[in-house]
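So this block is start.txt, compact mmCIF, C-alpha atoms and all ligand atoms:
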# COMPACT_ATOMS: atom_id res chain seq x y z
CA MET A 694 -12.52 7.93 -12.23
CA PRO A 695 -15.17 5.54 -10.84
CA GLN A 696 -14.84 1.76 -10.88
CA LEU A 697 -16.20 0.44 -14.17
CA ASN A 698 -16.55 -3.26 -13.43
CA LYS A 699 -17.31 -5.25 -10.31
CA PRO A 700 -14.34 -6.03 -8.03
CA ILE A 701 -13.27 -9.67 -8.13
CA VAL A 702 -13.90 -11.47 -4.84
CA PHE A 703 -10.70 -13.33 -3.90
CA GLN A 704 -10.81 -17.11 -3.61
CA SER A 705 -7.88 -19.35 -2.76
CA TYR A 706 -7.84 -21.17 -6.14
CA MET A 707 -6.80 -17.87 -7.73
CA GLU A 708 -3.24 -18.29 -6.38
CA HIS A 709 -1.03 -21.00 -7.93
CA LEU A 710 1.34 -22.95 -5.68
CA ALA A 711 4.52 -24.15 -7.43
CA THR A 712 5.66 -27.68 -6.60
CA ASP A 713 9.30 -26.55 -6.34
CA GLY A 714 8.47 -23.44 -4.30
CA ALA A 715 10.52 -24.49 -1.25
CA GLU A 716 13.58 -25.23 -3.38
CA THR A 717 13.48 -21.82 -5.05
CA GLU A 718 12.95 -20.14 -1.70
CA ALA A 719 16.04 -21.86 -0.26
CA ALA A 720 18.13 -20.81 -3.27
CA LEU A 721 16.89 -17.22 -2.90
CA ALA A 722 17.81 -17.25 0.80
CA SER A 723 21.29 -18.45 -0.04
CA ALA A 724 21.75 -15.70 -2.67
CA PHE A 725 20.55 -13.04 -0.22
CA ARG A 726 22.82 -14.43 2.48
CA SER A 727 25.81 -14.24 0.19
CA ILE A 728 25.01 -10.56 -0.54
CA LEU A 729 24.59 -9.83 3.19
CA GLU A 730 27.84 -11.57 4.12
CA THR A 731 29.80 -9.81 1.39
CA THR A 732 28.55 -6.32 2.15
CA SER A 733 28.81 -6.67 5.94
CA ARG A 734 32.40 -7.88 5.53
CA ASP A 735 33.22 -4.91 3.28
CA TYR A 736 31.49 -2.23 5.37
CA GLY A 737 32.05 -3.63 8.87
CA PHE A 738 28.30 -3.32 9.51
CA ALA A 739 25.28 -4.96 7.95
CA VAL A 740 22.92 -3.21 5.55
CA ARG A 741 19.70 -4.43 3.90
CA ALA A 742 20.18 -7.27 1.38
CA VAL A 743 18.46 -5.00 -1.14
CA HIS A 744 17.44 -1.34 -0.88
CA ALA A 745 20.52 -0.81 1.29
CA LYS A 746 20.98 2.91 0.77
CA GLY A 747 18.42 5.17 2.41
CA HIS A 748 17.94 8.69 1.07
CA ALA A 749 15.40 10.00 3.56
CA LEU A 750 13.84 8.70 6.75
CA VAL A 751 10.96 10.85 7.92
CA ARG A 752 7.80 10.78 10.00
CA GLY A 753 4.36 12.04 9.23
CA GLU A 754 0.69 11.21 9.26
CA LEU A 755 -1.55 9.04 7.10
CA GLU A 756 -5.18 10.11 6.98
CA ILE A 757 -7.65 7.47 5.80
CA ALA A 758 -10.21 9.15 3.54
CA PRO A 759 -13.71 9.53 4.96
CA ASP A 760 -16.79 8.32 3.06
CA LEU A 761 -15.02 5.75 0.90
CA PRO A 762 -17.38 3.55 -1.13
CA ALA A 763 -17.87 0.07 0.38
CA TYR A 764 -15.39 -1.67 -1.96
CA LEU A 765 -12.63 0.75 -0.90
CA ALA A 766 -13.58 0.97 2.81
CA GLN A 767 -11.95 -2.36 3.73
CA GLY A 768 -9.01 -3.49 5.88
CA LEU A 769 -6.89 -0.56 7.03
CA PHE A 770 -9.16 1.72 5.03
CA ALA A 771 -12.42 0.63 6.72
CA HIS A 772 -12.33 3.49 9.21
CA ALA A 773 -11.55 7.14 8.52
CA GLY A 774 -8.90 8.55 10.85
CA LYS A 775 -5.26 9.49 11.28
CA HIS A 776 -2.24 7.25 11.90
CA GLY A 777 1.39 8.06 12.57
CA ALA A 778 3.60 7.03 9.63
CA ILE A 779 7.29 6.47 8.81
CA LEU A 780 8.55 6.88 5.26
CA ARG A 781 11.90 5.69 3.89
CA PHE A 782 13.25 6.38 0.40
CA SER A 783 15.88 3.98 -0.90
CA THR A 784 17.74 2.64 -3.94
CA ASN A 785 17.30 -0.95 -5.07
CA PRO A 786 20.69 -2.71 -4.76
CA GLY A 787 22.20 -4.20 -1.60
CA ASP A 788 25.31 -2.01 -1.90
CA LEU A 789 25.71 1.59 -0.75
CA LEU A 790 26.10 3.01 -4.24
CA ASP A 791 27.06 6.39 -5.63
CA ASP A 792 23.84 8.16 -6.61
CA ALA A 793 25.16 8.69 -10.14
CA ILE A 794 24.13 5.08 -10.78
CA SER A 795 20.57 5.17 -11.90
CA VAL A 796 18.73 2.12 -10.64
CA PRO A 797 15.15 1.85 -9.40
CA ARG A 798 14.23 3.82 -6.33
CA GLY A 799 12.16 2.35 -3.51
CA LEU A 800 9.78 3.68 -0.96
CA ALA A 801 8.67 2.03 2.27
CA LEU A 802 5.75 3.28 4.31
CA LYS A 803 5.00 2.07 7.82
CA VAL A 804 1.56 2.96 9.20
CA LEU A 805 1.38 2.90 13.01
CA ASP A 806 -1.40 1.99 15.48
CA VAL A 807 -3.29 -0.26 13.11
CA SER A 808 -5.83 -2.63 14.61
CA GLY A 809 -7.32 -5.83 13.20
CA GLU A 810 -6.37 -9.47 12.67
CA ARG A 811 -2.65 -9.80 11.87
CA LEU A 812 -0.99 -11.87 9.19
CA ALA A 813 0.41 -15.11 10.59
CA ASP A 814 4.05 -14.40 11.64
CA ALA A 815 3.75 -10.65 11.07
CA PRO A 816 6.92 -9.36 12.72
CA GLU A 817 5.31 -6.36 14.42
CA MET A 818 2.25 -5.99 16.64
CA ASN A 819 0.24 -3.12 15.21
CA THR A 820 1.80 -1.65 12.07
CA GLN A 821 1.03 -2.01 8.35
CA ASP A 822 3.87 -1.73 5.82
CA PHE A 823 3.62 -0.82 2.13
CA LEU A 824 6.71 -1.40 -0.03
CA MET A 825 6.88 0.14 -3.45
CA ALA A 826 9.23 1.04 -6.29
CA ASN A 827 9.11 3.66 -9.01
CA GLY A 828 7.89 1.36 -11.76
CA ARG A 829 4.47 -0.14 -12.43
CA THR A 830 5.73 -3.71 -12.82
CA PHE A 831 8.21 -6.14 -11.27
CA GLY A 832 11.08 -7.50 -13.39
CA ALA A 833 10.34 -11.21 -13.00
CA ALA A 834 7.11 -13.09 -13.68
CA GLU A 835 7.81 -15.82 -11.16
CA PRO A 836 10.34 -16.70 -8.42
CA LYS A 837 12.70 -18.77 -10.60
CA ALA A 838 13.21 -15.90 -13.03
CA PHE A 839 13.88 -13.61 -10.07
CA LEU A 840 16.34 -16.14 -8.64
CA THR A 841 18.39 -16.11 -11.86
CA MET A 842 18.66 -12.34 -11.65
CA LEU A 843 19.54 -12.36 -7.95
CA GLN A 844 22.19 -15.04 -8.32
CA LEU A 845 23.87 -12.94 -10.97
CA LEU A 846 23.93 -9.94 -8.64
CA ALA A 847 25.04 -12.03 -5.64
CA ARG A 848 27.98 -13.43 -7.60
CA THR A 849 29.14 -9.97 -8.55
CA THR A 850 28.47 -8.19 -5.26
CA ASP A 851 31.88 -7.61 -3.82
CA ARG A 852 32.59 -3.99 -3.22
CA GLY A 853 30.48 -1.02 -4.21
CA GLU A 854 32.93 -0.32 -7.01
CA GLU A 855 32.56 -3.79 -8.44
CA LEU A 856 28.80 -3.61 -8.52
CA LYS A 857 29.00 -0.21 -10.17
CA LYS A 858 31.03 -1.77 -12.93
CA LEU A 859 28.46 -4.51 -13.34
CA LEU A 860 25.65 -2.02 -13.55
CA THR A 861 27.52 0.03 -16.08
CA LEU A 862 28.00 -3.14 -18.05
CA LEU A 863 24.32 -3.90 -17.83
CA LEU A 864 23.54 -0.45 -19.14
CA GLY A 865 25.21 -1.29 -22.37
CA ALA A 866 23.95 -4.82 -22.32
CA THR A 867 23.55 -6.81 -25.46
CA GLN A 868 21.20 -9.59 -26.40
CA SER A 869 23.52 -12.14 -24.79
CA MET A 870 23.02 -10.43 -21.47
CA LEU A 871 19.28 -10.51 -22.00
CA HIS A 872 19.59 -14.24 -22.49
CA LEU A 873 21.55 -14.54 -19.22
CA VAL A 874 18.89 -12.91 -17.08
CA GLY A 875 16.07 -14.45 -19.05
CA GLN A 876 14.11 -11.22 -19.26
CA ASP A 877 13.35 -8.43 -21.69
CA SER A 878 15.13 -5.11 -22.16
CA ASN A 879 12.72 -3.55 -19.71
CA LEU A 880 14.47 -5.46 -16.96
CA LEU A 881 17.86 -4.11 -17.91
CA ALA A 882 16.46 -0.61 -17.77
CA ARG A 883 15.54 -1.45 -14.20
CA LEU A 884 19.05 -2.56 -13.42
CA GLY A 885 20.77 0.59 -14.56
CA GLY A 886 19.17 2.22 -17.54
CA ALA A 887 16.42 4.22 -15.84
CA PRO A 888 16.61 8.00 -16.16
CA ASN A 889 18.15 9.50 -13.00
CA VAL A 890 15.21 11.60 -11.86
CA HIS A 891 14.24 13.26 -8.59
CA PRO A 892 12.75 10.60 -6.24
CA LEU A 893 10.17 13.05 -4.87
CA GLY A 894 8.56 13.55 -8.28
CA GLU A 895 8.07 9.82 -8.83
CA THR A 896 4.95 7.70 -8.31
CA TYR A 897 5.71 4.45 -6.48
CA PHE A 898 3.88 1.16 -7.07
CA SER A 899 3.47 -2.05 -5.06
CA GLN A 900 3.85 -3.94 -8.38
CA THR A 901 2.42 -7.12 -6.85
CA PRO A 902 -1.19 -7.56 -5.64
CA PHE A 903 -2.53 -7.84 -2.11
CA LEU A 904 -5.79 -8.82 -0.53
CA TYR A 905 -8.01 -5.83 -0.07
CA GLY A 906 -10.56 -7.16 2.40
CA ARG A 907 -12.67 -9.46 0.21
CA ASN A 908 -11.08 -8.14 -2.97
CA ILE A 909 -7.63 -7.81 -4.60
CA ALA A 910 -5.60 -4.62 -5.10
CA LYS A 911 -2.30 -3.10 -6.09
CA PHE A 912 -1.19 0.13 -4.39
CA SER A 913 0.54 3.33 -5.45
CA LEU A 914 1.81 6.44 -3.69
CA GLU A 915 1.59 9.53 -5.84
CA PRO A 916 3.00 13.03 -5.26
CA ALA A 917 0.18 15.49 -4.59
CA SER A 918 1.60 18.73 -3.19
CA TYR A 919 2.83 21.49 -5.48
CA GLU A 920 6.53 21.20 -4.57
CA LEU A 921 6.57 17.44 -5.21
CA ARG A 922 4.82 17.79 -8.56
CA GLN A 923 7.29 20.52 -9.49
CA VAL A 924 10.20 18.06 -9.39
CA LYS A 925 8.49 15.36 -11.49
CA GLY A 926 10.92 14.18 -14.15
CA MET A 927 13.63 16.59 -12.95
CA LYS A 928 17.09 15.22 -13.64
CA VAL A 929 19.38 14.65 -10.65
CA HIS A 930 22.86 16.13 -11.18
CA ALA A 931 24.88 13.50 -9.40
CA HIS A 932 28.33 14.05 -10.88
CA ALA A 933 30.78 14.19 -7.94
CA ARG A 934 27.79 14.16 -5.56
CA PRO A 935 27.64 10.58 -4.23
CA ASP A 936 24.74 11.47 -1.93
CA ALA A 937 22.92 13.73 -4.36
CA LEU A 938 19.55 12.13 -3.63
CA ARG A 939 19.77 12.82 0.11
CA GLU A 940 20.66 16.43 -0.65
CA ASP A 941 17.94 16.96 -3.26
CA ILE A 942 15.22 15.35 -1.16
CA ALA A 943 16.29 17.42 1.85
CA GLU A 944 16.15 20.61 -0.15
CA THR A 945 12.43 20.17 -0.81
CA LEU A 946 11.22 18.43 2.34
CA ILE A 947 13.05 20.55 4.93
CA GLU A 948 11.32 23.66 3.68
CA HIS A 949 7.98 22.44 2.38
CA GLY A 950 7.35 18.90 3.59
CA GLY A 951 5.16 16.93 1.18
CA VAL A 952 1.75 15.42 0.57
CA TRP A 953 1.12 12.14 -1.28
CA HIS A 954 -2.00 10.20 -2.19
CA LEU A 955 -2.09 6.51 -1.31
CA ASN A 956 -4.16 4.81 -4.02
CA ALA A 957 -5.67 1.35 -4.49
CA GLN A 958 -6.23 -0.29 -7.88
CA ILE A 959 -8.95 -2.89 -7.44
CA CYS A 960 -8.78 -5.98 -9.67
CA THR A 961 -11.90 -6.32 -11.81
CA ASP A 962 -10.77 -8.97 -14.30
CA LEU A 963 -8.42 -11.86 -13.50
CA ALA A 964 -7.63 -12.57 -17.14
CA THR A 965 -6.13 -9.15 -17.85
CA MET A 966 -5.15 -8.29 -14.24
CA PRO A 967 -3.40 -11.48 -13.13
CA ILE A 968 -2.38 -12.20 -9.57
CA GLU A 969 0.53 -14.42 -10.54
CA ASP A 970 2.45 -12.35 -13.07
CA PRO A 971 3.65 -8.97 -11.71
CA THR A 972 5.38 -8.15 -15.02
CA ILE A 973 1.89 -7.26 -16.31
CA ALA A 974 0.57 -3.82 -15.45
CA TRP A 975 -3.16 -3.78 -14.73
CA ASP A 976 -5.11 -1.66 -17.17
CA GLU A 977 -5.81 1.71 -15.55
CA GLU A 978 -8.75 2.34 -17.87
CA LEU A 979 -10.49 -0.74 -16.53
CA ALA A 980 -9.23 -0.36 -12.97
CA PRO A 981 -8.07 3.14 -12.06
CA PHE A 982 -5.90 3.90 -9.04
CA GLU A 983 -8.29 5.48 -6.54
CA ARG A 984 -7.26 7.56 -3.55
CA VAL A 985 -7.87 5.85 -0.20
CA ALA A 986 -5.62 7.91 2.09
CA THR A 987 -3.40 11.02 2.19
CA LEU A 988 0.13 11.01 3.57
CA THR A 989 1.47 14.29 4.96
CA ILE A 990 5.12 14.71 5.86
CA PRO A 991 5.64 18.02 7.67
CA PRO A 992 8.85 20.02 7.01
CA GLN A 993 11.73 18.28 8.81
CA LEU A 994 15.34 17.12 8.55
CA THR A 995 15.34 14.15 6.20
CA TRP A 996 18.77 12.55 6.72
CA THR A 997 21.35 13.41 9.38
CA HIS A 998 24.67 11.67 8.94
CA GLY A 999 25.12 9.32 11.90
CA SER A 1000 21.75 9.50 13.63
CA SER A 1001 19.71 8.62 10.54
CA ASP A 1002 22.07 5.75 9.75
CA HIS A 1003 21.52 4.45 13.26
CA LEU A 1004 17.73 4.82 13.10
CA ASP A 1005 17.73 3.17 9.70
CA GLN A 1006 19.13 0.05 11.34
CA ARG A 1007 16.41 0.05 13.98
CA LEU A 1008 13.77 -0.25 11.29
CA ALA A 1009 12.62 -3.09 9.11
CA PHE A 1010 9.81 -3.03 6.57
CA SER A 1011 8.24 -6.14 5.12
CA ALA A 1012 5.48 -6.91 2.65
CA TRP A 1013 4.39 -9.50 5.23
CA ASN A 1014 4.09 -7.06 8.12
CA GLY A 1015 0.46 -6.08 8.40
CA LEU A 1016 -3.16 -7.06 8.48
CA ALA A 1017 -4.62 -10.37 7.32
CA ASP A 1018 -6.95 -8.19 5.23
CA HIS A 1019 -3.91 -7.11 3.15
CA ARG A 1020 -2.17 -10.48 2.72
CA PRO A 1021 0.40 -10.44 -0.08
CA LEU A 1022 -0.79 -12.55 -3.03
CA GLY A 1023 1.00 -14.60 -5.67
CA ALA A 1024 4.24 -16.55 -5.93
CA ILE A 1025 6.62 -13.57 -6.00
CA ASN A 1026 5.01 -12.21 -2.85
CA ARG A 1027 5.19 -15.59 -1.15
CA VAL A 1028 8.97 -15.87 -1.52
CA ARG A 1029 9.39 -12.39 -0.06
CA LYS A 1030 8.25 -13.47 3.40
CA HIS A 1031 11.35 -15.42 4.38
CA ALA A 1032 13.74 -13.03 2.58
CA TYR A 1033 12.64 -9.94 4.52
CA ARG A 1034 12.79 -11.74 7.83
CA MET A 1035 16.21 -13.18 7.12
CA SER A 1036 17.66 -9.85 6.00
CA SER A 1037 16.37 -7.91 9.00
CA GLU A 1038 17.42 -10.63 11.47
CA TYR A 1039 20.90 -10.72 9.94
CA ARG A 1040 21.20 -6.95 10.31
CA ALA A 1041 19.94 -6.97 13.88
CA ALA A 1042 22.37 -9.72 14.90
CA PHE A 1043 25.42 -8.38 13.04
CA ASN A 1044 24.93 -4.79 14.21
CA HIS A 1045 23.79 -5.74 17.74
CA CYS A 1046 20.86 -3.43 17.12
CA PRO A 1047 17.35 -4.75 17.66
CA VAL A 1048 14.63 -3.63 15.29
CA HIS A 1049 12.18 -1.39 17.14
CA GLU A 1050 9.77 0.57 14.98
CA THR A 1051 7.92 2.67 17.55
CA ALA A 1052 11.10 3.78 19.26
CA ALA A 1053 12.43 4.79 15.85
CA PHE A 1054 9.31 6.91 15.24
CA ASP A 1055 9.80 8.76 18.52
CA LEU A 1056 13.45 9.41 17.70
CA LEU A 1057 12.79 10.87 14.25
CA PRO A 1058 12.86 14.67 14.08
CA ALA A 1059 9.38 16.02 14.81
C1 LIG B 1101 7.56 -7.23 -5.91
C2 LIG B 1101 8.01 -6.02 -5.85
C3 LIG B 1101 8.92 -5.55 -4.75
C4 LIG B 1101 8.94 -4.30 -4.25
C5 LIG B 1101 8.08 -3.13 -4.72
C6 LIG B 1101 9.94 -4.26 -3.21
C7 LIG B 1101 10.27 -3.16 -2.47
C8 LIG B 1101 11.17 -3.11 -1.44
C9 LIG B 1101 11.53 -1.92 -0.72
C10 LIG B 1101 10.98 -0.53 -0.97
C11 LIG B 1101 12.45 -2.29 0.21
C12 LIG B 1101 13.14 -1.37 1.21
C13 LIG B 1101 12.48 -1.46 2.54
C14 LIG B 1101 13.11 -0.50 3.49
O1 LIG B 1101 13.11 0.73 3.17
O2 LIG B 1101 13.59 -0.94 4.53
C15 LIG B 1101 12.67 -3.69 0.09
C16 LIG B 1101 13.53 -4.40 0.87
C17 LIG B 1101 13.77 -5.72 0.71
N1 LIG B 1101 13.22 -6.53 -0.26
FE1 LIG B 1101 11.81 -6.04 -1.62
N2 LIG B 1101 10.50 -5.50 -3.07
C18 LIG B 1101 9.91 -6.32 -4.01
C19 LIG B 1101 10.19 -7.65 -4.22
C20 LIG B 1101 11.06 -8.36 -3.46
C21 LIG B 1101 11.30 -9.77 -3.63
C22 LIG B 1101 10.66 -10.66 -4.68
C23 LIG B 1101 12.20 -10.12 -2.65
C24 LIG B 1101 12.78 -11.46 -2.35
C25 LIG B 1101 12.30 -12.60 -2.69
C26 LIG B 1101 12.53 -8.93 -1.88
C27 LIG B 1101 13.39 -8.89 -0.82
C28 LIG B 1101 13.71 -7.79 -0.07
C29 LIG B 1101 14.61 -7.78 1.06
C30 LIG B 1101 15.40 -8.98 1.59
C31 LIG B 1101 14.66 -6.48 1.56
C32 LIG B 1101 15.50 -5.97 2.74
C33 LIG B 1101 14.70 -6.15 4.04
C34 LIG B 1101 15.41 -5.66 5.30
O3 LIG B 1101 16.59 -5.95 5.52
O4 LIG B 1101 14.74 -4.99 6.11
N3 LIG B 1101 11.81 -7.90 -2.40
N4 LIG B 1101 11.87 -4.19 -0.93
Using structure tokens, write down the structure that the file contains.
Amino acid sequence: MPQLNKPIVFQSYMEHLATDGAETEAALASAFRSILETTSRDYGFAVRAVHAKGHALVRGELEIAPDLPAYLAQGLFAHAGKHGAILRFSTNPGDLLDDAISVPRGLALKVLDVSGERLADAPEMNTQDFLMANGRTFGAAEPKAFLTMLQLLARTTDRGEELKKLLTLLLGATQSMLHLVGQDSNLLARLGGAPNVHPLGETYFSQTPFLYGRNIAKFSLEPASYELRQVKGMKVHAHARPDALREDIAETLIEHGGVWHLNAQICTDLATMPIEDPTIAWDEELAPFERVATLTIPPQLTWTHGSSDHLDQRLAFSAWNGLADHRPLGAINRVRKHAYRMSSEYRAAFNHCPVHETAAFDLLPA
């Protein structure tokens, strides 16, 4: 579907800086640290503060579409061509949970050999990361609301079993629980009430907006090949299969690989497509997701017990790793910067395992 209205040209006044931003950021860091300390004590090794459990870690190729119209041919997408790529599927919490617990699934894409001006403090030299989850919107409108939710999780993160109980509790949550987290029932669905469906059939969304050259965009990654579309909405049978997602993903990708479309949704109206409130989905009639690149993952092993766990630790993805042309926008995105860095540095130090993305790419099964 073609763009109906003119893309908004980003200007700095469009972002709102909170006066207590630093305070909230420090409280978030402390909540994340408490999760990291608890899980690393329980497991004997450190895992990500959120999205701890990986279900597949694979390599492939991202092809930037040729002949994009000028408003889409910006930043990474300015030049047609192919880039190496690493893709990681995950589940939201910071614990290594049984896959029977249905919480949001995540997807992280690292595009290699990217040139152009970097974001200040971007942790890597020439990669561009995209982090997404299988829902159009984020659960909190602004950092303080997110902090309330995170503090609740941090307080109850002890062992995997304990968190499972919490999530089960949340599933049957009542209005009083809604009051506690300060959000609507949609949020509780995110915390444990989502249908347990095959991760390969899902479309993943950046939820928050990013610069797109001169303009503003959200991103999505959408299944395109036949085998991926076949598993859309398919229920995962996870009873007595704690790693059901690794097994189900492997079943499809080992034999067929997969193809996804990377799409950009360009903001055309700030009033209905706000930068600052990621709980609001941008209207796809007014601003459709348009394909800007194609990701191809050839058939390969998707998770090998031991070696994939090790490679997983050598990798870190961050919304703030990439080009200045794709700077994360809005308050929720701003507080992510420190959190990602802290989590990956904690892992690297605790596990004595430096993060090294290119080496990880070379070690992934071809
Ligand atoms: C706004 C929507 C968000 C999306 C779509 C998202 C998505 C993701 C994904 C997919 C991962 C896993 C990366 C991997 O595979 O290594 C991740 C990790 C992480 N996220 Fe987010 N996230 C969001 C918001 C946030 C916010 C608001 C914070 C904190 C303020 C945060 C903090 C983290 C941290 C600390 C990690 C672990 C990083 C590491 O140890 O490497 N995320 N996120």
query = Given a cut-off of 6 Å, what residues near ligand LIG 1101 (chain B) show up using only C-alpha atoms and all ligand atoms, put as number ranges by chain?
reply = A: 741-744, 781, 783, 799-801, 824-826, 831, 899-901, 1009-1010, 1025, 1028-1029, 1032-1033, 1036-1037
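Ranking A:Glu895, A:Asp970, A:Glu730, A:Asp822 by their shortest atom-to-atom distance to A:Leu1016, with only C-alpha atoms included, puts A:Asp822 first.
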task = Please tell me which residues are no farther than 10 Å from (0.6, -1.1, 15.8) in the file, counting all atoms listed in the file, and write them as a ChimeraX atom specification.
result = /A:776-777,803-809,817-821,1015,1050-1051
Nearest candidate to A:Thr830 (options A:Thr731, A:Asn956, A:Ser913, A:Ser705; using all atoms listed in the file) = A:Ser913
query = atom CA of A:Leu812 and atom CA of A:Arg1020, how far apart in Å?
reply = 6.7 Å
inquiry  = Given only C-alpha atoms as the basis, pick out the residue of A:Lys925, A:His1003, A:Lys837, A:His772 nearest to A:Glu756.
reply    = A:His772
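Taking atom CA of A:Gly950 and atom CA of A:Arg752 as endpoints, the distance between them is 10.4 Å.
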request  = Select all residues near (-10.6, -5.1, -1.5) (cut-off 7 Å, inclusive, file coordinates), counting all atoms listed in the file, and output them as a PyMOL selection string.
outcome  = chain A and resi 764-765+767+904-910+959
Could you please take those selected residues and save C-alpha atoms as a compact mmCIF listing (two decimals), in the frame of the given file?
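Saved to selection_9.txt:
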# COMPACT_ATOMS: atom_id res chain seq x y z
CA TYR A 764 -15.39 -1.67 -1.96
CA LEU A 765 -12.63 0.75 -0.90
CA GLN A 767 -11.95 -2.36 3.73
CA LEU A 904 -5.79 -8.82 -0.53
CA TYR A 905 -8.01 -5.83 -0.07
CA GLY A 906 -10.56 -7.16 2.40
CA ARG A 907 -12.67 -9.46 0.21
CA ASN A 908 -11.08 -8.14 -2.97
CA ILE A 909 -7.63 -7.81 -4.60
CA ALA A 910 -5.60 -4.62 -5.10
CA ILE A 959 -8.95 -2.89 -7.44
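Nearest residue to A:Asp735 among A:Thr965, A:Ser723, A:Asn698, A:Thr850 is A:Thr850, counting only C-alpha atoms.
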Nearest candidate to A:Ala847 (options A:Leu914, A:Ala722, A:Leu789, A:Val796; using all atoms listed in the file) = A:Ala722
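Distances from A:Thr841, A:Ala833, A:His949, A:His1045 to A:Ser918 were compared using only C-alpha atoms, and the smallest one belongs to A:His949.
Between atom CA of A:Ser727 and atom CA of A:Leu710 there is a distance of 26.6 Å.
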inquiry  = Residues within 12 Å of A:Val929, please, as a PyMOL selection string. Count all atoms listed in the file; anything in the same chain fewer than 6 positions from it doesn't count.
reply    = chain A and resi 792-795+888-894+935-942
Contact residues around A:Leu1022 with all atoms listed in the file at 6 Å, ignoring same-chain residues under 2 positions, as a list in words = Pro902, Phe903 and Asn1026 of chain A
